[in-house]
Amino acid sequence: MPGVEGFIYPNELELQWSMLIVLYPFITGLVAGAFILASLERVFNVEAVKPTYRLALLTALAFLLVAPLPLQLHLGHPERSFEMYLTPHTSSAMAMFGFVYLWYLMVVLVLEIWFDYRKDIVLTWQESKGLKRVLYAFMALGSRNISEPALRIDDRIGRFLTVIGIPSAFLLHGYVGFIFGSIKANPWWSSAMMPIVFLFSAIVSGIALITVLYYLISWYRKTPVNQACVDTIARYLLYAFLIDFSLELLDLIHRIYEADESFKSLDFMVHTRLYLPHIIVQLLIGTVVPLIMLGSAQLFKIRPATRRLIYFISCNLTLIGIFAMRWNVVIGGQLFSKSFLGYTTYKLEFATREGLLTSIVLLILPFLILAVLAYLLPPWKEEPKTARN
Amino acid sequence: MKYRFGDYQHVLRMAGIFALGTTAFFVFRAVMVPKDFGVYGHYRAGALKDNADRQIQYAGHAACVDCHSEIQQMRSGGKHAGIGCESCHGPLARHAAGQMSGAPEKPNNRDTCLRCHTARPSKPAGFPQIIPADHAREGACTACHPAHNPKV
Amino acid sequence: MKEDRRQFLKNAGKLLVLAGSAAVAWPYIREERAQDAPGYQTDAHWWGMVIDVDKCIGCGTCVRGCKAENDVLLTPQTSRTWVERYVVDPDDMDHPRVDSPNAAYDGFPDPGPQEKPLKTFYVPKLCNHCEHSPCVQVCPVGATFESPDGVVLVDKSYCLGCRYCIQACPYGCRYIDPRTETVDKCTLCYHRITKGLTTACCEVCPTGARALGDLKNPKDPIHKFLLENKVLVLKPQMATGSKTWYKGLDGAVR
């Protein structure tokens, strides 16, 4: 059989979960990571990252709205997907995740954004005319009160939401890790560390995304990038990355040391079919190089302009690396046979329902939604102060 | 500190929307969940019937013996006595129910036999196997081995 | 006159019998509970399968029988049951050569000349109808389940086609039926066993290598089989509660 090496069970010829299921943890990871960055300012009072606060929230919302789309496109019967909410099987991580998603979307993100933006919504309402006025009246729920006590209530509720938002963000993406980590039939996935590895790689990817967006939007608005802000973000990115790298290294060492029945088969797969995506892209380009770059920025005296460039490059490499990690987990977990005696291949088509074109569109879509959200709810009101060098 | 109603009215409006949404969800749920869901477990009880209501293709050898008792007599004591009729003759439920016009096609008198009896190293040692090229290069196996009681 | 009365009484009698049985069956028909219809009670059965590896001749009749009985697609290849051939070198038992050409639909071709004596045998595989099946555990909506009589089934009108259960099955016995875009698998011929017949694969197996067993039936030969033979289930470390017991299973079998 073409593409098959060794022996696979007859039903294992075609992969069950495609590129779309690679996209899904990538997108939800960006959401969780972006939110954690936002919470740094709100809860931990890291003032320096304030310029990215609202951007992070809007980005998280834009990506979370797109997150169910790859799932719907992948289902055999998307018209039945509401069954997950009507008759959720409580033993199924996938079913319970539907509620975690809903909770996170409605209670954490939508509410937090609303409470943070409410004053601006009401002001815009009062300054607009026509259709725009109606829209903003609707967004304000018809309430005009932006007095001191009302805003104080908003702030307290917003802070409370961010506090419960942090464990919710952990739950959101940790759960995705659990969806894979709880499958005992698949030794590439089955691990207690899977939720934690997913979560930390999510944090890394989310922070990297917000940094890149902040650069691009500042370039677009012709405003300078706040040096203190990106310096601080880069520091937190480095910390999160070091933890993520340690966890993945620990998983690797553990596998090699214990060398259980699946080890030889998985080892062979990583050195052949997964060599490019795993060793080259995820490990080398996506982890080691950014770590060296970010570490150097902390350890050595480097000019601010160079530091900004280092951050931009390493964040882009990080995003590529974390995407590769999702690919290696999802696709890699299906390339080897559960008999541990063979391998199959994944054919990524281009213009099909689950193909490359669809994936590219799904990755572009959140940025379009973000553009709409940023238009309706501008992240920055006035021109930021000139960056101090 | 004491807050005036006007100051937290917007919070109540938002809470009202959430309450509305939750109620709508439960109404939708009550309407849409199949009535027989959860009777035996977390599934639609009607699914048992759906799975049980398929058309049967193999009648089972008991149904064959009903009409073809003389064949059964012929087989008794022979090496093929324990094999279901439809192993070689294929699915015949419709024939047994009298729904087919004319007799079903007879199985091929060489290929059908070779399917089981061609020698392969993986077959159990005691199982009768032959190498077709050495044993009988061509022609019907039934020329020497009657299919229903194959002793030569 | 006499003949007419006799005829009338005969017809009346027939009518009474019909009406009586209809009256008994009617409540069950109305509630659409085939499993409680007269003759078959779900809680009176607990189905399993026993396989004697030493009797399997790899003819593939079970595979063909299953496809004919259950309308399983030939292309793309999807298999509710299949047979694997193992060729084990006693000096290198960690690396058996295994194949299952077209899921053994046409039996097995000549393996070619062997330079040294090798241990080689056939192993039929199917859904193990696990008691604690991981596939049922992960289904998000309840579209796959274990029936009250121990058969793991799929509700095709409810399945989303998310494929989570296919990922969770350690034995590789599930697949997507492209015609319905839902998951499909061996149903233990539920439509046959609820009517007193055996499964299609057991019906056509010429050597008796496969046998359906009803653990709740005290007269079923499965009890004697399990008592007198050393048996194994596939991947016992997964603790799936598999109800497919193999006699003569070699350690090389995956």
# chains A, B, ... in the order shown; residues from 1 in each chain; ligands from 1

$ interface_residues --of "chain B" --to "chain C" --cutoff "9 Å" --atoms "only C-alpha atoms" --output "number ranges by chain"
B: 40-61, 80, 82-88, 90-91, 115-117, 119-124, 127

$ interface_residues --of "chain C" --to "chain A" --cutoff "8 Å" --atoms "only C-alpha atoms" --output "ChimeraX atom specification"
/C:77-79,82,95,97-100,102-103,137-142,158-163,166-175,181-182,238,254

$ write_last_selection --atoms "C-alpha atoms" --output "PDB file, in the first residue's frame"
ATOM      1  CA  GLN C  77     -11.015  -0.523   2.774  1.00  0.00           C
ATOM      2  CA  THR C  78     -12.904  -0.554   6.023  1.00  0.00           C
ATOM      3  CA  SER C  79     -13.098  -3.687   8.096  1.00  0.00           C
ATOM      4  CA  TRP C  82     -10.002  -9.041   9.693  1.00  0.00           C
ATOM      5  CA  HIS C  95      10.109  -8.215  15.433  1.00  0.00           C
ATOM      6  CA  ARG C  97       6.433  -9.962  10.383  1.00  0.00           C
ATOM      7  CA  VAL C  98       2.729  -9.229  10.223  1.00  0.00           C
ATOM      8  CA  ASP C  99       0.425  -8.683   7.292  1.00  0.00           C
ATOM      9  CA  SER C 100      -3.265  -8.514   6.527  1.00  0.00           C
ATOM     10  CA  ASN C 102      -6.881  -6.271   2.056  1.00  0.00           C
ATOM     11  CA  ALA C 103      -7.911  -7.270   5.593  1.00  0.00           C
ATOM     12  CA  GLN C 137     -16.038   6.592  27.655  1.00  0.00           C
ATOM     13  CA  VAL C 138     -14.912   9.309  25.252  1.00  0.00           C
ATOM     14  CA  CYS C 139     -17.980   9.692  23.055  1.00  0.00           C
ATOM     15  CA  PRO C 140     -19.095  13.294  23.670  1.00  0.00           C
ATOM     16  CA  VAL C 141     -22.798  12.806  22.990  1.00  0.00           C
ATOM     17  CA  GLY C 142     -23.716   9.225  23.783  1.00  0.00           C
ATOM     18  CA  TYR C 158     -26.855  10.563  16.726  1.00  0.00           C
ATOM     19  CA  CYS C 159     -23.144  10.227  15.861  1.00  0.00           C
ATOM     20  CA  LEU C 160     -21.378  13.497  15.024  1.00  0.00           C
ATOM     21  CA  GLY C 161     -18.463  11.903  13.250  1.00  0.00           C
ATOM     22  CA  CYS C 162     -15.919  13.531  15.557  1.00  0.00           C
ATOM     23  CA  ARG C 163     -13.748  10.383  15.503  1.00  0.00           C
ATOM     24  CA  ILE C 166     -11.639   5.818  16.819  1.00  0.00           C
ATOM     25  CA  GLN C 167      -8.663   7.430  18.531  1.00  0.00           C
ATOM     26  CA  ALA C 168      -9.576   5.841  21.857  1.00  0.00           C
ATOM     27  CA  CYS C 169      -9.953   2.242  20.659  1.00  0.00           C
ATOM     28  CA  PRO C 170      -6.703   0.358  21.360  1.00  0.00           C
ATOM     29  CA  TYR C 171      -7.573  -2.408  18.907  1.00  0.00           C
ATOM     30  CA  GLY C 172      -8.182  -0.397  15.746  1.00  0.00           C
ATOM     31  CA  CYS C 173     -11.615  -1.812  15.119  1.00  0.00           C
ATOM     32  CA  ARG C 174     -13.504   1.424  14.387  1.00  0.00           C
ATOM     33  CA  TYR C 175     -13.666   3.439  11.192  1.00  0.00           C
ATOM     34  CA  GLU C 181     -20.103  10.039   7.668  1.00  0.00           C
ATOM     35  CA  THR C 182     -20.587   8.349  11.026  1.00  0.00           C
ATOM     36  CA  MET C 238      -5.212  -1.509  28.990  1.00  0.00           C
ATOM     37  CA  ARG C 254      -0.211  -7.028  18.885  1.00  0.00           C
TER      38      ARG C 254
END

$ residues_around --residues "B:Ala143" --least-positions-apart "4" --cutoff "10 Å" --atoms "only C-alpha atoms" --output "PyMOL selection string"
chain B and resi 109-110+139+147+152

$ interface_residues --of "chain B" --to "chain A" --cutoff "10 Å" --atoms "only C-alpha atoms" --output "list in words"
Met1, Lys2, Tyr3, Arg4, Phe5, Gly6, Asp7, Tyr8, Gln9, His10, Val11, Arg13, Met14, Ile17, Phe18, Phe25, Phe26, Phe28, Arg29, Ala30, Met32, Val33, Pro34, Phe37, Gly38, His42 and Tyr43 of chain B
